[in-house]
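One file, run-v2.txt, carrying compact mmCIF, C-alpha atoms:
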```txt
# COMPACT_ATOMS: atom_id res chain seq x y z
CA MET C 1294 2.70 32.02 -3.29
CA ASP C 1295 6.29 32.91 -2.90
CA ASN C 1296 6.74 36.59 -3.48
CA ASN C 1297 10.28 36.77 -2.27
CA HIS C 1298 12.18 35.81 -5.35
CA ILE C 1299 12.84 37.74 -8.48
CA GLY C 1300 10.88 35.82 -11.06
CA SER C 1301 12.05 35.25 -14.60
CA THR C 1302 11.32 37.99 -17.11
CA GLN C 1303 9.19 35.71 -19.20
CA SER C 1304 6.86 34.42 -16.49
CA GLY C 1305 6.41 37.87 -14.93
CA THR C 1306 5.60 39.44 -18.25
CA THR C 1307 3.28 36.66 -19.27
CA GLU C 1308 1.34 37.05 -16.04
CA ALA C 1309 1.15 40.82 -16.37
CA LEU C 1310 0.13 40.70 -20.00
CA LYS C 1311 -2.38 37.95 -19.29
CA ILE C 1312 -4.18 40.30 -16.92
CA LEU C 1313 -3.97 43.26 -19.28
CA ASN C 1314 -5.33 41.01 -22.04
CA GLN C 1315 -8.07 39.78 -19.75
CA ARG C 1316 -9.12 43.37 -19.14
CA GLU C 1317 -9.14 44.03 -22.84
CA ALA C 1318 -11.23 40.89 -23.30
CA ASN C 1319 -13.67 42.04 -20.62
CA ARG C 1320 -13.98 45.42 -22.34
CA LEU C 1321 -14.62 43.79 -25.70
CA GLN C 1322 -17.02 41.09 -24.51
CA PRO C 1323 -20.24 43.17 -24.61
CA ILE C 1324 -19.30 44.73 -27.94
CA LEU C 1325 -18.56 41.37 -29.50
CA ASP C 1326 -21.58 39.63 -28.00
CA VAL C 1327 -23.84 41.78 -30.19
CA SER C 1328 -21.77 40.83 -33.23
CA PHE C 1329 -21.99 37.15 -32.35
CA GLU C 1330 -25.78 37.39 -32.49
CA GLU C 1331 -25.55 38.82 -36.00
CA LEU C 1332 -23.06 36.16 -37.02
CA GLY C 1333 -25.38 33.48 -35.64
CA GLU C 1334 -28.26 34.84 -37.76
CA ASP C 1335 -26.02 34.93 -40.85
CA LEU C 1336 -25.08 31.31 -40.29
CA ASN C 1337 -28.73 30.33 -39.78
CA ARG C 1338 -29.52 31.95 -43.12
CA ILE C 1339 -26.87 29.82 -44.82
CA VAL C 1340 -28.03 26.58 -43.23
CA ARG C 1341 -31.65 27.18 -44.28
CA LEU C 1342 -30.74 27.40 -47.97
CA PRO C 1343 -31.60 24.21 -49.84
CA GLY C 1344 -28.42 24.45 -51.92
CA ALA C 1345 -26.20 24.71 -48.86
CA ASP C 1346 -26.44 21.08 -47.74
CA PHE C 1347 -22.77 20.56 -48.42
CA LEU C 1348 -21.99 23.38 -45.96
CA LYS C 1349 -24.23 22.22 -43.14
CA ASP C 1350 -21.54 20.48 -41.10
CA SER C 1351 -19.05 23.33 -41.41
CA VAL C 1352 -21.64 26.01 -40.69
CA ASN C 1353 -23.09 24.14 -37.73
CA ARG C 1354 -19.60 23.79 -36.34
CA ILE C 1355 -19.03 27.54 -36.63
CA LYS C 1356 -22.47 28.19 -35.16
CA GLY C 1357 -21.58 25.96 -32.22
CA ILE C 1358 -18.49 28.07 -31.61
CA ALA C 1359 -20.42 31.35 -32.00
CA ASP C 1360 -23.11 30.23 -29.55
CA SER C 1361 -20.71 28.85 -26.97
CA ASN C 1362 -20.06 30.58 -23.66
CA GLU C 1363 -16.36 30.86 -24.18
CA ASP C 1364 -14.43 34.09 -24.08
CA SER C 1365 -15.26 36.23 -27.14
CA MET C 1366 -11.69 36.43 -28.39
CA LEU C 1367 -11.30 32.67 -28.12
CA ARG C 1368 -14.57 32.20 -30.02
CA LEU C 1369 -13.34 34.50 -32.77
CA ILE C 1370 -10.04 32.65 -33.05
CA LYS C 1371 -11.83 29.30 -33.34
CA MET C 1372 -14.40 30.73 -35.75
CA GLY C 1373 -11.61 32.11 -37.89
CA GLU C 1374 -9.93 28.71 -38.08
CA ALA C 1375 -13.18 26.94 -38.96
CA THR C 1376 -14.15 29.63 -41.49
CA GLY C 1377 -10.72 29.47 -43.11
CA SER C 1378 -10.89 25.72 -43.53
CA PHE C 1379 -14.38 25.67 -45.07
CA ILE C 1380 -13.47 28.50 -47.45
CA LEU C 1381 -10.42 26.59 -48.62
CA ARG C 1382 -12.37 23.38 -49.05
CA ASP C 1383 -15.72 24.65 -50.37
CA GLY C 1384 -14.92 28.14 -51.70
CA LYS C 1385 -15.39 27.23 -55.36
CA ARG C 1386 -18.60 25.34 -54.75
CA ILE C 1387 -20.04 28.24 -52.74
CA ARG C 1388 -19.34 30.67 -55.55
CA ASN C 1389 -21.12 28.41 -58.02
CA ASP C 1390 -24.43 28.83 -56.18
CA PRO C 1391 -25.51 32.51 -56.24
CA GLU C 1392 -27.84 32.19 -53.25
CA VAL C 1393 -25.30 30.41 -51.07
CA ASN C 1394 -22.61 32.79 -52.28
CA GLU C 1395 -24.70 35.77 -51.23
CA ALA C 1396 -25.44 34.32 -47.78
CA VAL C 1397 -21.78 33.44 -47.17
CA LYS C 1398 -20.72 36.92 -48.25
CA ILE C 1399 -23.07 38.49 -45.69
CA PHE C 1400 -21.52 36.26 -43.04
CA LEU C 1401 -17.99 37.19 -44.14
CA VAL C 1402 -18.76 40.92 -44.06
CA ASP C 1403 -20.02 40.62 -40.48
CA TYR C 1404 -17.09 38.39 -39.57
CA LEU C 1405 -14.58 40.96 -40.90
CA ASP C 1406 -16.45 43.75 -39.18
CA THR C 1407 -16.37 41.85 -35.87
CA VAL C 1408 -12.68 41.07 -36.17
CA SER C 1409 -11.84 44.70 -36.96
CA LYS C 1410 -13.43 45.74 -33.65
CA THR C 1411 -10.92 43.68 -31.67
CA ASN C 1412 -7.86 45.64 -32.88
CA ASN C 1413 -6.02 42.33 -32.55
CA GLN C 1414 -3.24 42.05 -35.10
CA ASP C 1415 -3.20 38.24 -35.30
CA LEU C 1416 -6.96 37.97 -35.72
CA ILE C 1417 -7.05 40.71 -38.35
CA SER C 1418 -4.24 39.16 -40.38
CA ALA C 1419 -5.90 35.73 -40.20
CA ALA C 1420 -9.31 37.11 -41.22
CA VAL C 1421 -7.85 39.04 -44.16
CA GLY C 1422 -6.09 35.86 -45.32
CA ASN C 1423 -9.26 33.79 -44.99
CA VAL C 1424 -11.46 36.17 -46.95
CA LYS C 1425 -8.83 36.78 -49.61
CA ASN C 1426 -8.89 33.04 -50.25
CA PHE C 1427 -12.61 33.31 -50.89
CA LEU C 1428 -12.53 36.23 -53.29
CA PRO C 1429 -11.53 35.60 -56.90
CA GLN C 1430 -7.95 36.76 -57.52
CA MET Y 413 -40.76 20.46 23.60
CA PRO Y 414 -40.60 23.88 21.86
CA GLU Y 415 -37.79 24.82 24.22
CA LEU Y 416 -35.87 21.68 23.19
CA LEU Y 417 -36.44 22.49 19.52
CA THR Y 418 -35.13 26.00 20.03
CA LYS Y 419 -32.07 24.60 21.76
CA ILE Y 420 -31.41 22.17 18.92
CA THR Y 421 -31.85 24.90 16.29
CA LEU Y 422 -29.52 27.12 18.23
CA SER Y 423 -27.00 24.26 18.46
CA TYR Y 424 -27.08 23.81 14.67
CA LEU Y 425 -26.66 27.52 14.18
CA LEU Y 426 -23.77 27.67 16.59
CA VAL Y 427 -22.05 24.62 15.14
CA PHE Y 428 -22.44 26.12 11.65
CA CYS Y 429 -20.79 29.31 12.85
CA PHE Y 430 -18.08 27.22 14.50
CA GLY Y 431 -17.38 25.51 11.18
CA MET Y 432 -17.39 28.82 9.32
CA VAL Y 433 -14.94 30.32 11.79
CA THR Y 434 -12.70 27.25 11.49
CA GLY Y 435 -12.67 27.61 7.71
CA ALA Y 436 -12.07 31.35 7.93
CA SER Y 437 -9.20 30.94 10.37
CA GLU Y 438 -7.55 28.40 8.10
CA LEU Y 439 -7.84 30.74 5.12
CA LEU Y 440 -6.66 33.65 7.22
CA SER Y 441 -3.56 31.79 8.37
CA ARG Y 442 -2.88 30.96 4.72
CA TYR Y 443 -3.44 34.34 3.07
CA ARG Y 444 -3.32 36.83 5.96
CA LYS Y 445 -5.78 39.14 4.21
CA LEU Y 446 -9.24 39.18 5.74
CA HIS Y 447 -10.85 41.24 2.97
CA LEU Y 448 -9.77 38.66 0.35
CA ILE Y 449 -11.57 35.88 2.19
CA PHE Y 450 -14.87 37.73 2.48
CA ARG Y 451 -14.83 39.33 -0.94
CA THR Y 452 -14.30 36.21 -3.04
CA ALA Y 453 -16.56 33.27 -3.83
CA PRO Y 454 -14.00 30.54 -2.96
CA GLY Y 455 -13.62 32.07 0.51
CA TRP Y 456 -17.36 31.84 1.18
CA VAL Y 457 -17.67 28.37 -0.37
CA TYR Y 458 -14.79 27.09 1.72
CA MET Y 459 -16.31 28.46 4.92
CA MET Y 460 -19.78 27.14 4.00
CA ILE Y 461 -18.38 23.63 3.42
CA ASN Y 462 -16.84 23.69 6.88
CA GLY Y 463 -20.08 25.01 8.36
CA LEU Y 464 -22.26 22.43 6.62
CA MET Y 465 -19.93 19.59 7.54
CA SER Y 466 -20.16 20.66 11.18
CA ILE Y 467 -23.98 20.60 10.95
CA LEU Y 468 -23.80 17.09 9.49
CA MET Y 469 -21.54 15.93 12.30
CA LEU Y 470 -23.88 17.40 14.91
CA TYR Y 471 -26.86 15.71 13.22
CA ILE Y 472 -25.05 12.35 13.30
CA LEU Y 473 -24.05 12.91 16.92
CA ILE Y 474 -27.59 13.70 18.02
CA HIS Y 475 -29.26 10.90 16.05
CA SER Y 476 -26.74 8.22 16.94
CA GLY Y 477 -27.63 8.64 20.59
CA VAL Y 478 -24.13 9.35 21.81
CA GLN Y 479 -24.68 13.01 22.41
CA SER Y 480 -23.92 14.67 25.69
CA ASP Y 481 -26.61 16.35 27.78
CA LYS Y 482 -24.65 19.53 27.53
CA HIS Y 483 -25.19 21.23 24.19
CA TYR Y 484 -21.92 23.10 24.18
CA ILE Y 485 -20.04 19.79 24.37
CA ASN Y 486 -22.00 18.47 21.37
CA ILE Y 487 -21.18 21.63 19.46
CA LEU Y 488 -17.49 21.41 20.25
CA VAL Y 489 -17.30 17.68 19.44
CA ALA Y 490 -19.20 18.13 16.16
CA GLY Y 491 -17.17 21.19 15.19
CA PHE Y 492 -13.81 19.62 15.89
CA SER Y 493 -14.71 16.25 14.36
CA ALA Y 494 -15.94 17.98 11.17
CA MET Y 495 -12.66 19.84 11.05
CA ALA Y 496 -10.67 16.63 11.49
CA LEU Y 497 -12.80 14.60 9.07
CA LEU Y 498 -12.54 17.19 6.31
CA ARG Y 499 -8.79 17.21 6.58
CA SER Y 500 -8.39 13.45 6.89
CA SER Y 501 -6.76 11.09 4.43
CA PHE Y 502 -6.94 7.33 4.79
CA PHE Y 503 -3.81 6.65 2.80
CA ILE Y 504 -1.44 8.37 0.43
CA TYR Y 505 -1.19 7.18 -3.14
CA LYS Y 506 2.15 7.83 -4.78
CA ASN Y 507 2.21 8.10 -8.55
CA LYS Y 508 5.31 6.16 -9.55
CA GLU Y 509 5.74 7.97 -12.85
CA THR Y 510 5.42 11.54 -11.65
CA GLY Y 511 6.34 11.02 -8.00
CA GLU Y 512 3.23 13.01 -7.05
CA GLU Y 513 1.60 12.11 -3.74
CA ILE Y 514 -2.20 12.08 -3.64
CA SER Y 515 -4.06 11.90 -0.33
CA ILE Y 516 -7.08 9.63 -0.51
CA GLY Y 517 -9.84 10.82 1.80
CA LEU Y 518 -12.03 13.84 2.34
CA SER Y 519 -8.95 16.07 2.33
CA ILE Y 520 -8.89 15.63 -1.46
CA VAL Y 521 -12.25 17.46 -1.63
CA ILE Y 522 -11.13 20.26 0.60
CA GLN Y 523 -7.90 20.53 -1.39
CA VAL Y 524 -9.88 21.24 -4.58
CA PHE Y 525 -11.51 24.23 -2.92
CA LEU Y 526 -8.23 25.36 -1.38
CA ASP Y 527 -6.61 25.25 -4.82
CA TRP Y 528 -9.52 27.27 -6.21
CA ALA Y 529 -9.11 29.79 -3.39
CA ASP Y 530 -5.34 29.86 -4.03
CA ARG Y 531 -5.87 30.70 -7.68
CA THR Y 532 -8.55 33.30 -7.05
CA PHE Y 533 -6.69 35.02 -4.23
CA ASP Y 534 -3.51 35.01 -6.25
CA GLN Y 535 -5.33 36.59 -9.21
CA ASN Y 536 -6.93 39.21 -6.97
CA GLN Y 537 -3.64 40.03 -5.35
CA THR Y 538 -1.92 40.22 -8.73
CA ILE Y 539 -4.58 42.53 -10.14
CA THR Y 540 -4.30 44.90 -7.18
CA GLU Y 541 -0.53 44.82 -7.30
CA LEU Y 542 -0.41 45.28 -11.06
CA ASP Y 543 -2.74 48.28 -10.79
CA ASP Y 544 -0.56 49.81 -8.11
CA ILE Y 545 2.72 49.19 -9.95
CA ALA Y 546 1.22 50.37 -13.25
CA ARG Y 547 0.10 53.59 -11.54
CA ILE Y 548 3.54 54.23 -10.08
CA MET Y 549 5.47 53.32 -13.22
CA ASP Y 550 3.09 55.19 -15.53
CA LYS Y 551 4.86 57.52 -17.99
CA LEU Y 552 8.33 56.42 -16.84
CA ASP Y 553 10.98 55.88 -19.44
CA TYR Y 554 12.18 52.33 -18.84
CA LYS Y 555 15.86 52.97 -19.61
CA LEU Y 556 16.06 56.12 -17.50
CA ALA Y 557 14.06 54.53 -14.69
CA SER Y 558 16.20 51.40 -14.54
CA SER Y 559 19.49 53.30 -14.64
CA GLU Y 560 18.42 55.76 -11.92
CA MET Y 561 15.99 53.89 -9.69
CA VAL Y 562 17.87 50.62 -9.25
CA PRO Y 563 21.15 52.09 -7.88
CA LEU Y 564 19.14 54.39 -5.61
CA ALA Y 565 17.05 51.51 -4.28
CA ILE Y 566 20.16 49.41 -3.69
CA ASN Y 567 22.02 52.22 -1.92
CA PHE Y 568 19.18 53.44 0.26
CA MET Y 569 17.82 50.07 1.40
CA GLU Y 570 20.41 49.26 4.03
CA ASN Y 571 19.07 45.86 4.97
CA LEU Y 572 19.32 44.32 1.53
CA SER Y 573 21.66 41.37 1.37
CA ASP Y 574 24.37 41.11 -1.27
CA VAL Y 575 22.46 38.23 -2.84
CA GLU Y 576 19.32 40.36 -3.19
CA LYS Y 577 21.27 43.27 -4.68
CA LYS Y 578 22.99 40.94 -7.13
CA ARG Y 579 19.69 39.32 -8.09
CA LEU Y 580 18.09 42.68 -8.78
CA SER Y 581 21.02 43.83 -10.92
CA GLU Y 582 21.04 40.58 -12.88
CA TYR Y 583 17.30 40.73 -13.36
CA VAL Y 584 17.52 44.28 -14.73
CA LYS Y 585 20.22 43.15 -17.18
CA GLU Y 586 17.91 40.31 -18.24
CA LEU Y 587 15.10 42.85 -18.73
CA ASP Y 588 17.35 45.16 -20.77
CA ASN Y 589 18.08 42.35 -23.20
CA SER Y 590 14.55 40.97 -23.45
CA GLN Y 591 12.38 41.59 -26.48
CA ILE Y 592 9.28 42.76 -24.63
CA SER Y 593 7.69 46.20 -24.89
CA ASN Y 594 8.95 49.08 -22.76
CA GLN Y 595 5.62 49.13 -20.94
CA ALA Y 596 6.06 45.50 -19.87
CA LYS Y 597 9.70 46.18 -18.98
CA SER Y 598 8.65 49.08 -16.76
CA LEU Y 599 6.02 46.96 -15.02
CA ASN Y 600 8.54 44.19 -14.40
CA LEU Y 601 11.11 46.69 -13.18
CA GLY Y 602 8.58 48.20 -10.77
CA LYS Y 603 7.63 44.77 -9.48
CA ALA Y 604 11.27 43.75 -9.02
CA ILE Y 605 12.13 46.90 -7.07
CA ALA Y 606 8.88 46.79 -5.05
CA ARG Y 607 9.62 43.20 -3.99
CA LEU Y 608 12.66 44.47 -2.13
CA THR Y 609 11.54 47.95 -1.12
CA GLY Y 610 7.76 47.86 -0.96
CA HIS Y 611 5.37 50.04 -2.95
CA GLU Y 612 5.77 53.16 -0.83
CA VAL Y 613 9.52 53.34 -1.34
CA LEU Y 614 9.02 52.71 -5.06
CA GLN Y 615 6.60 55.64 -5.21
CA SER Y 616 9.00 57.77 -3.20
CA LEU Y 617 11.89 56.92 -5.55
CA LYS Y 618 9.77 58.03 -8.49
CA ASN Y 619 8.77 61.25 -6.74
CA LYS Y 620 12.34 62.10 -5.81
CA LEU Y 621 13.67 61.51 -9.31
CA GLY Y 622 10.79 63.49 -10.78
CA ASN Y 623 10.96 64.58 -14.40
CA ARG Y 624 14.40 63.08 -14.94
CA ILE Y 625 12.95 59.63 -15.53
CA LEU Y 626 9.72 60.58 -17.29
CA MET Y 627 9.12 59.78 -20.93
CA GLU Y 628 9.59 62.76 -23.19
CA SER Y 629 6.77 61.65 -25.43
CA ALA Y 630 3.93 59.33 -24.60
CA THR Y 631 4.74 56.65 -27.14
CA ASP Y 632 4.56 53.62 -24.92
CA THR Y 633 2.16 54.51 -22.16
CA GLY Y 634 -0.38 51.91 -23.11
CA LYS Y 635 -3.14 54.50 -23.43
CA GLU Y 636 -5.84 53.83 -25.98
CA SER Y 637 -4.85 56.80 -28.12
CA ASP Y 638 -1.17 55.88 -28.06
CA ARG Y 639 -1.58 52.28 -29.15
CA ALA Y 640 -0.36 51.49 -32.61
CA LYS Y 641 -3.19 50.63 -34.93
CA PRO Y 642 -2.97 47.06 -36.12
CA GLN Y 643 -2.07 46.60 -39.76
CA GLY Y 644 -4.76 45.29 -42.04
CA LEU Y 645 -7.70 47.43 -40.87
CA ASP Y 646 -7.74 49.30 -44.19
CA GLU Y 647 -7.51 46.00 -46.01
CA ILE Y 648 -10.52 44.75 -44.06
CA GLN Y 649 -12.53 47.78 -45.20
CA GLN Y 650 -11.49 47.13 -48.81
CA LEU Y 651 -12.49 43.47 -48.53
CA ILE Y 652 -15.86 44.45 -47.06
CA GLN Y 653 -16.44 46.84 -49.97
CA GLN Y 654 -15.41 44.17 -52.46
CA LEU Y 655 -17.75 41.60 -50.89
CA LYS Y 656 -20.62 44.09 -50.95
CA LYS Y 657 -19.97 45.10 -54.55
CA GLU Y 658 -19.85 41.63 -56.00
```
Conversion result in structure tokens:
Amino acid sequence: MDNNHIGSTQSGTTEALKILNQREANRLQPILDVSFEELGEDLNRIVRLPGADFLKDSVNRIKGIADSNEDSMLRLIKMGEATGSFILRDGKRIRNDPEVNEAVKIFLVDYLDTVSKTNNQDLISAAVGNVKNFLPQ
Amino acid sequence: MPELLTKITLSYLLVFCFGMVTGASELLSRYRKLHLIFRTAPGWVYMMINGLMSILMLYILIHSGVQSDKHYINILVAGFSAMALLRSSFFIYKNKETGEEISIGLSIVIQVFLDWADRTFDQNQTITELDDIARIMDKLDYKLASSEMVPLAINFMENLSDVEKKRLSEYVKELDNSQISNQAKSLNLGKAIARLTGHEVLQSLKNKLGNRILMESATDTGKESDRAKPQGLDEIQQLIQQLKKE
């Protein structure tokens, strides 16, 4: 722990911002935990639908992330990635089944709502992109 | 018999305390901040390991039949041997590729906890320091602060070496050209000055310069209300409406 040198701008800033971000994450954790419960229920609803067999693996993967004990922001980032990839792959098929479509839409609404609470630019941009891919142009 | 039992229990208790004190003294010599050791989990775990190891050594000593009649000797032998055993390594393995040297022995276990303590103490210290610097540098305009505070700090601190002065000036130039926010620049500037002057002088510099280095408008103070809203929030609301309508 050498405190006697002038550290590089980058490392000093990264450290400082890491702590500020950690505080932000701590502030958000309880707010997002409630949302994760809702998201978990939405995903359960999808999995239970008989027509959603083709989505089971993707949804279970997202559920695994939602239920994990990781930091909320990290969970949201991973969820966003997994959601984006299943939308791209199965978007059309989902829309062909009204029941599955409805259940996925409920999940996406809660997902967008959760992301908007973070005020995180990267997450918001990614979520908007993901959901836009799902909606018909 | 009950008197003997009491003596043995007391010996275990004393040897445990001996181990705890050994662990605490090692941490204290490393970090020099007593409150850090007692307020963090790694500090307690490290001391407990030393205490428990001392109990184990005393148990072995008593049950192997080589104990002394005098309890204080047993306690000292057990305490010191636990200390030595925990820090022992039988041989050193050198990784040819990385050149890293790894001690093989119980010291490897103790090192894990020391590393944990290192990280935790460092984080704690950083948080406290960041809070302090953020408080001092709050509402300061980075450009005004750097142009006024740095020359003052350099001129008034008479014991600064030329190398330290040069480093500070170069670092400030580096900060000026970096692409980070003014808030982060101010924090880094505060930290760089405080490294050479200490926090009290930094605070005093701010007080003496007063309003001259304050921000005219609170655009980069980091306060909740001042933060720029991320783009895309309106779009999210539109998407939610669209999903609900469909």
Interface rows for chain Y against chain C: nearest pair, Å to one decimal, 8 Å, all atoms listed in the file, as CSV:
```
residue,atom,partner,partner_atom,distance
Y:Asp534,CA,C:Met1294,CA,7.5
Y:Ile539,CA,C:Ile1312,CA,7.1
Y:Leu542,CA,C:Ala1309,CA,7.1
Y:Arg579,CA,C:Ile1299,CA,7.0
Y:Leu580,CA,C:Ile1299,CA,7.2
Y:Tyr583,CA,C:Ile1299,CA,7.3
Y:Glu586,CA,C:Thr1302,CA,7.1
Y:Leu587,CA,C:Thr1302,CA,6.4
Y:Ser590,CA,C:Thr1302,CA,7.7
Y:Ala596,CA,C:Thr1306,CA,6.3
Y:Lys597,CA,C:Thr1306,CA,7.9
Y:Leu599,CA,C:Ala1309,CA,8.0
Y:Asn600,CA,C:Gly1305,CA,6.7
Y:Ala604,CA,C:Ile1299,CA,6.2
Y:Arg607,CA,C:Asn1297,CA,6.7
Y:Lys641,CA,C:Asn1412,CA,7.1
Y:Pro642,CA,C:Gln1414,CA,5.1
Y:Gln643,CA,C:Gln1414,CA,6.6
Y:Gly644,CA,C:Ile1417,CA,6.3
Y:Leu645,CA,C:Ser1409,CA,6.3
Y:Glu647,CA,C:Val1421,CA,7.2
Y:Ile648,CA,C:Val1421,CA,6.3
Y:Leu651,CA,C:Val1424,CA,7.5
Y:Ile652,CA,C:Val1402,CA,5.5
Y:Leu655,CA,C:Lys1398,CA,6.1
Y:Lys656,CA,C:Lys1398,CA,7.7
```
- Message: Counting all atoms listed in the file, which residues sit no farther than 12 Å from the position (-13.5, 26.7, -50.6) in the file's frame? I'd like them as a PyMOL selection string.
- Response: chain C and resi 1347-1348+1351+1375-1389+1394+1397+1423-1429
- Query: Just how far from atom CA of Lys618 of chain Y is atom CA of Glu570 of chain Y, in Å to one decimal?
  - Reply: 18.6 Å
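From atom CA of Phe492 of chain Y back to atom CA of Glu415 of chain Y, the distance works out to 25.9 Å.
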So that I can check the surroundings of segment 470-476 of chain Y, please list as a PDB file with C-alpha atoms, in the frame of the given file every protein, DNA and RNA residue that reaches within 7 Å of it, counting all atoms listed in the file and ignoring chain neighbours fewer than 2 positions away.
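Once everything was written out, this is around_38.pdb:
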```pdb
ATOM      1  CA  SER Y 466     -20.160  20.660  11.180  1.00  0.00           C
ATOM      2  CA  ILE Y 467     -23.980  20.600  10.950  1.00  0.00           C
ATOM      3  CA  LEU Y 468     -23.800  17.090   9.490  1.00  0.00           C
ATOM      4  CA  VAL Y 478     -24.130   9.350  21.810  1.00  0.00           C
ATOM      5  CA  GLN Y 479     -24.680  13.010  22.410  1.00  0.00           C
ATOM      6  CA  ASN Y 486     -22.000  18.470  21.370  1.00  0.00           C
ATOM      7  CA  ILE Y 487     -21.180  21.630  19.460  1.00  0.00           C
ATOM      8  CA  ALA Y 490     -19.200  18.130  16.160  1.00  0.00           C
TER       9      ALA Y 490
END
```
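Minimum distance to Gly431 of chain Y across Y:Leu498, Y:Met627, Y:Val562, Y:Val575 (counting all atoms listed in the file) occurs at Y:Leu498.
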- Message: Can you pull out the residues contacting segment 500-511 of chain Y? Cut-off 12 Å, using only C-alpha atoms, and skip same-chain residues under 5 positions away; I want them as a VMD selection string.
- Response: chain Y and resid 493 to 495 516 to 523
Write the residues of the preceding selection, restricted to C-alpha atoms, as a CSV table (one decimal), keeping the file's coordinate frame.
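What ended up in out_23.csv:
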```csv
chain,number,residue,atom,x,y,z
Y,493,SER,CA,-14.7,16.2,14.4
Y,494,ALA,CA,-15.9,18.0,11.2
Y,495,MET,CA,-12.7,19.8,11.0
Y,516,ILE,CA,-7.1,9.6,-0.5
Y,517,GLY,CA,-9.8,10.8,1.8
Y,518,LEU,CA,-12.0,13.8,2.3
Y,519,SER,CA,-9.0,16.1,2.3
Y,520,ILE,CA,-8.9,15.6,-1.5
Y,521,VAL,CA,-12.2,17.5,-1.6
Y,522,ILE,CA,-11.1,20.3,0.6
Y,523,GLN,CA,-7.9,20.5,-1.4
```
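Distances from C:Val1393, C:Ala1345, C:Gln1322, C:Phe1400 to Arg1368 of chain C were compared using all atoms listed in the file, and the smallest one belongs to C:Gln1322.
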